[in-house]
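Colleague: Below is run06.txt; it holds compact mmCIF, C-alpha atoms and all ligand atoms.
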# COMPACT_ATOMS: atom_id res chain seq x y z
CA MET A 279 106.72 123.21 124.45
CA ILE A 280 108.66 120.32 125.96
CA LYS A 281 110.37 118.20 123.30
CA LYS A 282 112.84 116.12 125.32
CA ALA A 283 112.50 113.60 128.13
CA VAL A 284 114.86 111.70 130.40
CA LEU A 285 113.96 108.20 131.63
CA PRO A 286 116.30 106.68 134.21
CA VAL A 287 116.26 102.88 133.83
CA ALA A 288 119.64 101.83 135.23
CA GLY A 289 118.42 100.46 138.60
CA LEU A 290 119.14 96.85 139.57
CA GLY A 291 115.51 95.89 140.19
CA THR A 292 116.43 93.73 143.19
CA ARG A 293 112.83 93.67 144.42
CA PHE A 294 111.86 91.76 141.29
CA LEU A 295 114.54 89.09 141.31
CA PRO A 296 114.61 86.52 139.85
CA ALA A 297 112.28 88.03 137.17
CA SER A 298 114.70 90.95 136.73
CA LYS A 299 117.78 88.75 136.27
CA ALA A 300 117.75 88.57 132.48
CA THR A 301 114.83 90.94 131.85
CA PRO A 302 115.09 94.54 133.05
CA LYS A 303 112.33 95.26 135.58
CA GLU A 304 111.17 98.08 133.27
CA MET A 305 110.45 95.43 130.62
CA LEU A 306 108.12 93.41 132.87
CA PRO A 307 104.64 93.68 131.41
CA ILE A 308 101.52 95.14 132.94
CA ILE A 309 99.07 92.92 130.97
CA ASP A 310 100.72 92.95 127.52
CA LYS A 311 102.89 96.07 127.53
CA PRO A 312 106.24 96.58 129.24
CA LEU A 313 106.11 99.08 132.08
CA VAL A 314 108.60 101.41 130.37
CA GLN A 315 106.38 101.73 127.29
CA TYR A 316 103.60 103.31 129.34
CA ALA A 317 105.99 106.13 130.33
CA VAL A 318 107.31 106.52 126.77
CA GLU A 319 103.75 106.77 125.42
CA GLU A 320 102.90 109.37 128.07
CA ALA A 321 105.91 111.44 126.91
CA VAL A 322 105.22 111.07 123.18
CA ASP A 323 101.59 111.96 123.80
CA ILE A 324 102.53 115.53 124.87
CA GLY A 325 104.71 116.02 121.79
CA ILE A 326 108.09 114.83 123.09
CA ASP A 327 110.20 113.52 120.23
CA GLU A 328 113.57 112.95 121.85
CA ILE A 329 113.99 110.48 124.70
CA VAL A 330 117.16 109.89 126.69
CA PHE A 331 117.35 106.57 128.53
CA ILE A 332 119.90 106.46 131.32
CA ILE A 333 120.63 102.80 131.15
CA SER A 334 122.98 100.09 132.45
CA GLU A 335 124.89 97.51 130.50
CA ASP A 336 122.60 94.51 130.97
CA LYS A 337 119.50 96.32 129.76
CA TYR A 338 119.96 96.22 125.99
CA SER A 339 116.47 94.70 125.59
CA ILE A 340 115.03 98.16 126.32
CA GLU A 341 116.97 99.50 123.33
CA ARG A 342 115.75 96.63 121.15
CA HIS A 343 112.19 97.19 122.27
CA PHE A 344 112.11 100.71 120.86
CA GLN A 345 113.79 99.77 117.58
CA LYS A 346 111.75 98.77 114.58
CA ASN A 347 111.69 94.95 114.28
CA THR A 348 111.54 94.22 110.54
CA ASN A 349 112.05 90.43 110.94
CA ILE A 350 108.91 89.87 112.98
CA GLU A 351 107.05 92.38 110.80
CA LYS A 352 107.96 90.35 107.70
CA ARG A 353 106.75 87.13 109.33
CA LEU A 354 103.49 88.76 110.41
CA ILE A 355 102.88 89.83 106.80
CA GLU A 356 103.72 86.31 105.51
CA ASN A 357 101.27 84.79 108.00
CA GLY A 358 98.51 87.28 107.20
CA LYS A 359 98.61 88.75 110.74
CA THR A 360 98.99 92.35 109.66
CA GLU A 361 96.66 93.57 112.44
CA PHE A 362 99.54 93.01 114.89
CA ILE A 363 102.01 95.24 113.05
CA GLU A 364 100.95 98.41 114.85
CA LYS A 365 101.49 96.67 118.21
CA LEU A 366 104.91 95.46 117.09
CA ASN A 367 106.18 98.67 115.54
CA PRO A 368 103.92 101.53 116.74
CA LYS A 369 103.86 104.40 114.25
CA ILE A 370 104.17 106.96 117.06
CA PHE A 371 107.71 105.73 117.78
CA SER A 372 108.98 106.17 114.23
CA ASN A 373 109.37 109.93 114.70
CA VAL A 374 111.05 109.67 118.11
CA LYS A 375 114.80 109.86 118.50
CA PHE A 376 115.93 107.50 121.28
CA HIS A 377 119.29 108.03 123.01
CA TYR A 378 120.97 105.60 125.38
CA VAL A 379 123.50 106.84 127.94
CA ASN A 380 125.25 104.37 130.26
CA GLN A 381 125.25 104.96 133.99
CA ASP A 382 128.22 102.89 135.12
CA GLU A 383 127.90 103.69 138.82
CA GLN A 384 124.73 103.64 140.95
CA ASN A 385 125.06 107.16 142.25
CA GLY A 386 121.46 108.29 142.50
CA LEU A 387 118.68 109.86 140.47
CA GLY A 388 120.42 113.25 140.35
CA HIS A 389 123.56 111.65 138.93
CA ALA A 390 121.46 109.84 136.30
CA VAL A 391 119.83 113.12 135.21
CA LEU A 392 123.19 114.89 135.01
CA LEU A 393 124.37 112.33 132.46
CA ALA A 394 121.67 113.57 130.08
CA GLU A 395 122.95 117.17 130.09
CA PRO A 396 124.84 117.06 126.74
CA ILE A 397 121.72 115.83 124.93
CA ILE A 398 119.31 118.13 126.76
CA ALA A 399 121.59 120.98 125.62
CA GLY A 400 119.99 123.88 127.43
CA ASP A 401 116.33 122.98 126.85
CA PRO A 402 113.64 122.40 129.46
CA PHE A 403 112.87 118.70 129.71
CA ALA A 404 110.57 116.12 131.26
CA LEU A 405 111.82 113.54 133.74
CA LEU A 406 109.75 110.37 134.02
CA LEU A 407 110.42 107.59 136.52
CA PRO A 408 108.91 104.58 134.74
CA ASP A 409 108.30 102.66 138.01
CA GLU A 410 105.32 104.90 138.59
CA LEU A 411 102.35 104.18 136.40
CA PHE A 412 99.68 106.86 136.16
CA PHE A 413 96.22 106.27 134.83
CA ALA A 414 94.04 109.31 134.20
CA ARG A 415 91.86 110.89 131.56
CA GLU A 416 94.50 113.57 131.18
CA SER A 417 97.98 112.10 131.69
CA CYS A 418 100.11 113.11 134.67
CA LEU A 419 102.77 114.60 132.39
CA ASN A 420 100.12 116.58 130.54
CA GLN A 421 98.77 117.96 133.83
CA ILE A 422 102.19 119.33 134.83
CA SER A 423 103.12 120.47 131.32
CA GLU A 424 100.06 122.73 131.36
CA ILE A 425 101.55 124.51 134.39
CA PHE A 426 104.97 124.69 132.73
CA ASN A 427 103.47 126.12 129.54
CA LYS A 428 101.82 128.89 131.58
CA THR A 429 104.74 129.70 133.88
CA ASN A 430 107.94 128.54 132.13
CA SER A 431 108.95 127.26 135.55
CA SER A 432 109.95 123.81 136.73
CA THR A 433 106.87 121.87 137.79
CA ILE A 434 106.63 118.55 139.60
CA ALA A 435 103.74 116.18 140.08
CA VAL A 436 102.78 115.51 143.69
CA THR A 437 100.26 113.38 145.54
CA LYS A 438 99.06 113.21 149.12
CA VAL A 439 100.53 110.24 150.92
CA ASP A 440 99.75 108.44 154.21
CA GLU A 441 101.93 109.49 157.12
CA LYS A 442 103.31 105.97 157.43
CA ASN A 443 104.64 106.02 153.86
CA ILE A 444 105.96 109.58 153.71
CA HIS A 445 109.60 108.51 154.39
CA LYS A 446 109.69 106.81 150.96
CA TYR A 447 109.33 110.06 149.00
CA GLY A 448 110.58 113.56 148.39
CA VAL A 449 108.22 115.80 150.38
CA ILE A 450 107.37 119.43 149.64
CA LYS A 451 106.77 122.40 151.90
CA PRO A 452 103.88 124.09 150.08
CA GLY A 453 103.76 127.86 149.68
CA LYS A 454 101.00 129.95 148.15
CA VAL A 455 98.73 128.69 145.39
CA GLU A 456 99.05 130.48 142.06
CA ASN A 457 98.54 129.51 138.41
CA ASN A 458 96.47 126.55 139.62
CA ALA A 459 99.58 125.10 141.27
CA ILE A 460 101.49 125.21 144.55
CA LEU A 461 104.60 127.34 144.77
CA LEU A 462 107.35 125.37 146.50
CA GLU A 463 108.94 126.79 149.62
CA ASP A 464 111.13 123.81 150.31
CA ILE A 465 111.56 120.13 149.50
CA VAL A 466 113.18 117.31 151.47
CA GLU A 467 114.25 113.87 150.27
CA LYS A 468 112.73 110.98 152.24
CA PRO A 469 112.30 112.66 155.64
CA LEU A 470 111.34 110.82 158.82
CA LYS A 471 107.61 111.25 159.35
CA GLU A 472 108.22 113.63 162.30
CA ASP A 473 110.40 115.87 160.09
CA ALA A 474 108.17 115.86 157.00
CA PRO A 475 107.13 119.42 156.05
CA SER A 476 103.72 118.16 154.75
CA ASP A 477 101.93 115.04 153.55
CA ILE A 478 102.49 116.01 149.91
CA ALA A 479 104.96 113.72 148.18
CA VAL A 480 106.83 113.97 144.91
CA SER A 481 105.60 111.53 142.27
CA GLY A 482 107.62 110.29 139.36
CA ARG A 483 106.95 113.07 136.83
CA TYR A 484 108.89 116.33 136.64
CA ILE A 485 109.36 119.14 134.13
CA LEU A 486 112.64 120.90 134.80
CA THR A 487 114.37 123.95 133.41
CA PRO A 488 118.00 123.39 132.36
CA THR A 489 119.13 125.51 135.36
CA ILE A 490 118.75 122.28 137.34
CA PHE A 491 122.06 121.03 135.90
CA ASN A 492 124.06 123.83 137.62
CA HIS A 493 122.49 122.78 140.90
CA LEU A 494 123.08 119.08 140.31
CA LYS A 495 126.78 119.86 139.84
CA LYS A 496 126.99 121.89 143.05
CA ILE A 497 125.14 119.67 145.53
CA GLY A 498 127.09 116.85 147.13
CA PRO A 499 125.86 113.41 148.09
CA GLY A 500 122.58 113.47 150.02
CA LYS A 501 120.26 110.74 151.29
CA SER A 502 121.90 107.28 150.99
CA GLY A 503 125.16 108.98 149.98
CA GLU A 504 123.75 109.57 146.48
CA ILE A 505 123.22 112.66 144.31
CA GLN A 506 119.52 113.44 144.73
CA ILE A 507 117.38 115.39 142.26
CA THR A 508 115.36 116.56 145.29
CA ASP A 509 118.44 118.34 146.72
CA ALA A 510 119.04 120.11 143.41
CA ILE A 511 115.39 121.25 143.32
CA LYS A 512 115.81 122.51 146.91
CA THR A 513 118.58 124.92 145.83
CA LEU A 514 116.89 125.69 142.47
CA ILE A 515 114.03 127.23 144.51
CA ASN A 516 116.43 130.03 145.58
CA GLU A 517 116.95 130.98 141.94
CA GLU A 518 113.66 130.25 140.15
CA ASN A 519 110.03 129.53 140.96
CA VAL A 520 109.26 125.83 141.20
CA TYR A 521 105.65 124.63 141.16
CA ALA A 522 103.96 121.45 142.31
CA LYS A 523 100.70 120.21 140.86
CA ILE A 524 98.54 117.75 142.75
CA TYR A 525 98.01 114.95 140.27
CA GLU A 526 94.42 114.02 139.54
CA GLY A 527 94.02 110.35 138.70
CA GLU A 528 95.12 106.87 139.68
CA LYS A 529 98.75 106.07 140.46
CA PHE A 530 100.50 102.73 140.93
CA ASP A 531 103.95 102.26 142.38
CA CYS A 532 105.13 99.44 140.16
CA GLY A 533 108.55 99.45 141.84
CA SER A 534 107.00 97.31 144.59
CA LYS A 535 105.38 93.89 144.20
CA LEU A 536 102.16 95.15 145.78
CA GLY A 537 101.90 98.13 143.41
CA PHE A 538 102.80 96.00 140.41
CA VAL A 539 100.04 93.48 141.14
CA HIS A 540 97.60 96.31 141.96
CA ALA A 541 98.34 97.93 138.57
CA THR A 542 97.92 94.61 136.79
CA ILE A 543 94.51 93.98 138.37
CA ALA A 544 93.34 97.57 137.85
CA LEU A 545 94.36 97.66 134.19
CA ALA A 546 92.94 94.19 133.56
CA LEU A 547 89.60 95.46 134.86
CA LYS A 548 89.80 98.31 132.34
CA ASP A 549 90.56 96.00 129.42
CA PRO A 550 87.22 95.20 127.75
CA SER A 551 88.59 91.98 126.23
CA ILE A 552 89.16 90.37 129.66
CA SER A 553 87.51 92.54 132.33
CA GLU A 554 84.29 90.50 132.75
CA ASN A 555 86.19 87.24 133.12
CA ILE A 556 88.71 88.83 135.49
CA LYS A 557 85.83 90.02 137.68
CA LYS A 558 84.43 86.47 137.78
CA ILE A 559 87.86 85.03 138.62
CA ILE A 560 88.42 87.54 141.42
CA LYS A 561 84.98 86.78 142.89
CA GLU A 562 85.70 83.04 142.79
CA ILE A 563 89.08 83.46 144.47
CA VAL A 564 87.83 85.82 147.15
C1 LIG B 1 112.55 108.96 143.78
C2 LIG B 1 112.81 110.37 144.29
C3 LIG B 1 111.77 110.76 145.34
C4 LIG B 1 110.37 110.61 144.74
C5 LIG B 1 110.19 109.18 144.21
C6 LIG B 1 108.87 109.05 143.45
O1 LIG B 1 112.78 108.04 144.82
O2 LIG B 1 114.12 110.43 144.85
O3 LIG B 1 111.96 112.09 145.76
O4 LIG B 1 109.39 110.91 145.69
O5 LIG B 1 111.24 108.83 143.29
O6 LIG B 1 108.68 107.74 143.04
P1 LIG B 1 112.94 106.46 144.55
O7 LIG B 1 111.56 105.90 144.58
O8 LIG B 1 113.61 106.29 143.24
O9 LIG B 1 113.78 105.95 145.70
Let's see the structure in the file written out as structure tokens.

Modeller:
Amino acid sequence: MIKKAVLPVAGLGTRFLPASKATPKEMLPIIDKPLVQYAVEEAVDIGIDEIVFIISEDKYSIERHFQKNTNIEKRLIENGKTEFIEKLNPKIFSNVKFHYVNQDEQNGLGHAVLLAEPIIAGDPFALLLPDELFFARESCLNQISEIFNKTNSSTIAVTKVDEKNIHKYGVIKPGKVENNAILLEDIVEKPLKEDAPSDIAVSGRYILTPTIFNHLKKIGPGKSGEIQITDAIKTLINEENVYAKIYEGEKFDCGSKLGFVHATIALALKDPSISENIKKIIKEIV
């Protein structure tokens, strides 16, 4: 069973300036919950109880967000608003150990993951990119952890993507289907559409065996001159099976303005306290 997760949150968030100037982009809310909390809940939901944030200096509000806030709790009790305490200090977080590791240089996703190695300490682990928000009956991480639990092999979530967007993603070359998943033959980071080995793109959820760290140390800079997790998976395939599971559910790329607004509208329409009014508002606007 997977007990540890890595969440890289050190990016600059330039696409969300000026909102991301004093507030990390991962703390921007979709309705009333910061984006990063959706990923943390997805991890805790499959039994993960140790979370490693790869963070940058200006993002201390993420650390504060996952600490218990006794001051506000006290004031809620004084004002008789005890029904908000669970929202403020969710019980599920009290058994989670949060670690914060600084990434001083922007040297890619692979570099960020490598910084977690001392805490991961030889265990398999989940990697969640909080920019991607998944909404499904069975969470994306749960869908891939089922494959991991059966195979003990690294498993990544994938989705089919339009040809015109394929250059934004890691893209897999699918092999045979076994254990209800696709065996990877190859993987390429952000190929040109004419070089893409398929239309199946890597989404932001991975379960990786600790062997990945050896590969992360061996590969040099890849796309954009950065250490890419995709390149380490590419060489991992020569040593171990790696599976891909086509994710079943909705997915929002909240790293872009369009995806962020899409997620906000979609989740608002699922929120019974506002959905009817939101529908009316959308009709009026359109
Ligand atoms: C990263 C990975 C890429 C993956 C994508 C999913 O890219 O490098 O392989 O497809 O996440 O969101 P990024 O979006 O951080 O540039």

Colleague: Give the answer as one residue: which of A:Ile465, A:Ala394, A:Ile332, A:Met279 has the shortest atom-to-atom distance to ligand LIG 1 (chain B), using all atoms listed in the file?

Modeller: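 Checking each of A:Ile465, A:Ala394, A:Ile332, A:Met279 against ligand LIG 1 (chain B), counting all atoms listed in the file, the winner is A:Ile465.
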
Colleague: Pick the closest to Pro469 (chain A) from A:Leu290, A:Lys352, A:Lys454, A:Ile444: which is it, counting only C-alpha atoms?

Modeller: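 Closest residue, counting only C-alpha atoms: A:Ile444.
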
Colleague: Name each residue within 7 Å of ligand LIG 1 (chain B), counting all atoms listed in the file, as a list of chain:residue names.

Modeller: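 Those residues are A:Leu387, A:Leu407, A:Glu410, A:Lys446, A:Tyr447, A:Gly448, A:Val449, A:Glu467, A:Lys468, A:Ala479, A:Val480, A:Ser481, A:Gly482, A:Gln506, A:Ile507, A:Thr508.
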
Colleague: So, counting all atoms listed in the file, which residue among A:Leu514, A:Ile340, A:Ile563, A:Val374 is closest to Ala321 (chain A)?

Modeller: A:Val374

Colleague: Would you mind reading off the distance between CA of Phe412 (chain A) and CA of Gly400 (chain A), one decimal, in Å?

Modeller: 27.9 Å

Colleague: Applying 12 Å and all atoms listed in the file, which residues near Leu494 (chain A) remain after dropping the ones on its own chain fewer than 5 positions away? List them as an MDAnalysis selection string.

Modeller: chainID A and resid 386:395 486 488:489 499:500 504:514

Colleague: In Å, how far is it from CA of Asn516 (chain A) to CA of Leu462 (chain A)?

Modeller: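 Rounded to one decimal, the two atoms are 10.2 Å apart.
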
Colleague: Please identify all polymer residues within 8 Å of region 311-316 of chain A, counting all atoms listed in the file, omitting same-chain residues fewer than 6 positions from it, and present them as a PyMOL selection string.

Modeller: chain A and resi 304-305+408-409+411

Colleague: If we count all atoms listed in the file, what is near Asn427 (chain A) at a cut-off of 12 Å, once residues fewer than 6 positions away on the same chain are taken out, given as a list in words?

Modeller: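 Counting only the stated atoms, we get Met279, Ile280, Ile324, Pro402, Phe403, Leu419, Asn420, Gln421, Thr433, Asn457, Ile485, Leu486, Thr487 and Tyr521 of chain A.
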
Colleague: Quote the spacing between CA of Ile524 (chain A) and CA of Val436 (chain A) in Å to one decimal place.

Modeller: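 Interatomic distance here is 4.9 Å.
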
Colleague: Quick one: residues within 12 Å of Val539 (chain A), only C-alpha atoms counted, chain neighbours fewer than 6 positions away excluded, as a PyMOL selection string?

Modeller: chain A and resi 294+306-309+411+530-533+545-546

Colleague: With distances taken over only C-alpha atoms, which of A:Lys365, A:Thr348, A:Ile559, A:Ser423 is nearest to Leu547 (chain A)?

Modeller: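 Closest to Leu547 (chain A) of all the choices is A:Ile559.
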
Colleague: Could you tell me which of A:Phe371, A:Phe491, A:Tyr338, A:Phe344 comes closest to Pro302 (chain A) if we count all atoms listed in the file?

Modeller: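 Selected residue with least distance to Pro302 (chain A): A:Tyr338.
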
Colleague: Could you please give me, as a PDB file with C-alpha atoms, in the frame of the given file, the residues of protein, DNA or RNA lying at most 12 Å from (101.8, 95.4, 114.3) in the coordinate frame of the file, considering only C-alpha atoms?

Modeller:
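The resulting selection34.pdb:
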ATOM      1  CA  LYS A 346     111.750  98.770 114.580  1.00  0.00           C
ATOM      2  CA  ASN A 347     111.690  94.950 114.280  1.00  0.00           C
ATOM      3  CA  THR A 348     111.540  94.220 110.540  1.00  0.00           C
ATOM      4  CA  ASN A 349     112.050  90.430 110.940  1.00  0.00           C
ATOM      5  CA  ILE A 350     108.910  89.870 112.980  1.00  0.00           C
ATOM      6  CA  GLU A 351     107.050  92.380 110.800  1.00  0.00           C
ATOM      7  CA  LYS A 352     107.960  90.350 107.700  1.00  0.00           C
ATOM      8  CA  ARG A 353     106.750  87.130 109.330  1.00  0.00           C
ATOM      9  CA  LEU A 354     103.490  88.760 110.410  1.00  0.00           C
ATOM     10  CA  ILE A 355     102.880  89.830 106.800  1.00  0.00           C
ATOM     11  CA  GLY A 358      98.510  87.280 107.200  1.00  0.00           C
ATOM     12  CA  LYS A 359      98.610  88.750 110.740  1.00  0.00           C
ATOM     13  CA  THR A 360      98.990  92.350 109.660  1.00  0.00           C
ATOM     14  CA  GLU A 361      96.660  93.570 112.440  1.00  0.00           C
ATOM     15  CA  PHE A 362      99.540  93.010 114.890  1.00  0.00           C
ATOM     16  CA  ILE A 363     102.010  95.240 113.050  1.00  0.00           C
ATOM     17  CA  GLU A 364     100.950  98.410 114.850  1.00  0.00           C
ATOM     18  CA  LYS A 365     101.490  96.670 118.210  1.00  0.00           C
ATOM     19  CA  LEU A 366     104.910  95.460 117.090  1.00  0.00           C
ATOM     20  CA  ASN A 367     106.180  98.670 115.540  1.00  0.00           C
ATOM     21  CA  PRO A 368     103.920 101.530 116.740  1.00  0.00           C
ATOM     22  CA  LYS A 369     103.860 104.400 114.250  1.00  0.00           C
TER      23      LYS A 369
END

Colleague: Quick one: of A:Ile397, A:Ile497, A:Ala541, A:Val520, who's nearest to Ile425 (chain A), counting only C-alpha atoms?

Modeller: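 Distance minimum relative to Ile425 (chain A) lands on A:Val520.
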
Colleague: Please give the centre and size of the box around region 488-492 of chain A (axis-aligned, containing every atom listed in the file, 4 Å added per side), with values in Å to one decimal and written as lines of an AutoDock Vina configuration file.

Modeller:
center_x = 121.0
center_y = 123.3
center_z = 135.0
size_x = 14.1
size_y = 12.5
size_z = 13.3

Colleague: Using all atoms listed in the file - which residues lie no farther than 12 Å from the point (117.8, 96.4, 134.0) in the file's frame? Write them as JSON, numbers by chain.

Modeller: {"A": [286, 287, 288, 289, 290, 291, 292, 293, 294, 295, 296, 297, 298, 299, 300, 301, 302, 303, 304, 305, 306, 314, 331, 332, 333, 334, 335, 336, 337, 338, 339, 340, 341, 380, 381]}
